[in-house]
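> Questions regarding the structure given below will be posed in turn.
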Amino acid sequence: MPLPFLTADSACDAHDDEPLPYEDRDRWRRPYRPGPWRVAGGALLLLLASFMLLATMIIAFAGAWTGAVVCLVAALSVIAGALRLLRAGVWVSPAGLRRASLFGTRTLAWEQVEAVRTVQQPVRWLGLPRTVQGQALTVVARGASPVPVLLTDHNADFLSRAEAFERASDTVKAWAQEYQGVPAAR
């Protein structure tokens, strides 16, 4: 069974000679694969949800329908959280740049993007309050509120994967240059 969110940059592996390989130009796509920390977190949440669904079945067979419904709703919310965790990240399309987080999504049209830069700054380690010195891919938007950092080399996708961070940030910068003529600053 193909899982498109896990094979997001398989087209990049197949067409190394093209700067921006993609099959469907109008589809939102993540220019990198989810990292092992993100996949492991999603897998643990889905494992927890499977136990919750098993508990739901046992409670339903026991005849406590209210408890079964509560347990089912809790299991479905854990499944939704796991799917949202796996979908979090940066997505690009000809329409613009999208940053999906656990609790919200922000989309910028390419016309609103002024610059895309890789900067050295304190970044959050795996999204926790602790900060470490690292690289971050930032975007400067025209006339809009400040945009949170797009990618860091210490988030769940790129922790201990510096080469993958460089490739992903270069790909996002290439999309910005292709669709808006945004200057790529280092």
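Every chain in the structure tokens takes a letter, A first, then B, and so on in the order presented; its residues are numbered from 1, and the ligands are numbered from 1 following the presented order.
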Using backbone DSSP assignments, extract all strand (DSSP E) residues from chain A; output them as a short mmCIF file (atom, residue, chain, number, x, y, z; two decimals) with C-alpha atoms, in the first residue's frame.


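Output (part-v6.cif):
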```cif
data_model
loop_
_atom_site.label_atom_id
_atom_site.label_comp_id
_atom_site.auth_asym_id
_atom_site.auth_seq_id
_atom_site.Cartn_x
_atom_site.Cartn_y
_atom_site.Cartn_z
CA GLY A 89 5.82 20.25 8.06
CA VAL A 90 6.36 22.49 5.07
CA TRP A 91 4.37 21.93 1.87
CA VAL A 92 4.86 23.68 -1.47
CA SER A 93 2.84 24.07 -4.64
CA GLY A 96 2.33 29.07 -2.43
CA LEU A 97 4.04 27.88 0.70
CA ARG A 98 2.19 26.10 3.50
CA ARG A 99 3.44 25.47 7.04
CA ALA A 100 1.36 22.84 8.80
CA THR A 105 -1.87 25.60 9.16
CA ARG A 106 -0.66 28.82 7.59
CA THR A 107 -0.50 29.33 3.83
CA LEU A 108 1.35 32.12 2.04
CA ALA A 109 0.90 32.81 -1.64
CA VAL A 113 6.86 35.84 0.05
CA GLU A 114 9.67 38.39 0.01
CA ALA A 115 12.66 36.16 0.84
CA VAL A 116 13.51 32.64 1.96
CA ARG A 117 16.69 32.36 4.03
CA THR A 118 18.74 29.84 5.96
CA VAL A 119 20.01 31.49 9.15
CA GLN A 120 22.03 30.48 12.20
CA GLN A 121 19.97 31.09 15.33
CA PRO A 122 18.78 29.40 18.52
CA VAL A 123 16.22 26.76 17.55
CA ARG A 124 13.93 24.54 19.57
CA THR A 131 16.85 25.78 22.57
CA VAL A 132 20.16 24.96 20.95
CA GLN A 133 22.23 26.75 18.32
CA GLY A 134 21.30 25.53 14.86
CA GLN A 135 20.11 26.39 11.36
CA ALA A 136 16.63 27.51 10.50
CA LEU A 137 14.84 28.10 7.22
CA THR A 138 12.87 31.33 7.56
CA VAL A 139 10.58 33.25 5.26
CA VAL A 140 10.04 36.99 5.16
CA ALA A 141 6.49 37.87 4.16
CA LEU A 151 12.30 24.19 9.19
CA THR A 152 15.12 23.68 11.65
CA ALA A 184 17.55 33.00 -2.15
CA ALA A 185 19.76 34.32 0.61
#
```

> So that I can check the surroundings of A:Leu102, please list as a ChimeraX atom specification every protein, DNA and RNA residue that reaches within 10 Å of it, counting only C-alpha atoms and ignoring chain neighbours fewer than 3 positions away.

/A:81-89,105

> Between atom CA of A:Ala75 and atom CA of A:Thr56, what is the distance in Å, rounded to a tenth?

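Interatomic distance, atom CA of A:Ala75 to atom CA of A:Thr56: 8.5 Å.
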
> From the options A:Tyr179, A:Ser160, A:Arg167, A:Ala55, which residue's atoms come nearest to A:Gly35, counting only C-alpha atoms?

A:Ser160

> Would you please work out which residue, of A:Phe165, A:Ala64, A:Arg30, A:Gln112, is nearest to A:Gly143 when using only C-alpha atoms?

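The closest residue to A:Gly143 is A:Gln112.
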
> How many Å separate atom CA of A:Trp37 from atom CA of A:Glu163?

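For atom CA of A:Trp37 relative to atom CA of A:Glu163, the distance reads 16.1 Å.
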
> Measure the distance from atom CA of A:Gly127 to atom CA of A:Thr171 in Å and round it to one decimal.

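Between atom CA of A:Gly127 and atom CA of A:Thr171 the gap works out to 22.4 Å.
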
> Excluding stretch 68-73 of chain A and its own-chain neighbours fewer than 4 positions away, which residues fall within 10 Å of it when counting only C-alpha atoms? Please give them as a PyMOL selection string.

chain A and resi 49+52-64+77-79

> Check the DSSP output for the backbone and give back, as JSON, numbers by chain, the residues of chain A in helix (DSSP H, G or I).

{"A": [10, 11, 12, 13, 14, 36, 37, 38, 39, 40, 41, 42, 43, 44, 45, 46, 47, 48, 49, 50, 51, 52, 53, 54, 55, 56, 57, 58, 59, 60, 61, 62, 65, 66, 67, 68, 69, 70, 71, 72, 73, 74, 75, 76, 77, 78, 79, 80, 81, 82, 83, 84, 85, 86, 87, 110, 111, 112, 162, 163, 164, 165, 166, 167, 168, 169, 170, 171, 172, 173, 174, 175, 176, 177, 178, 179, 180]}
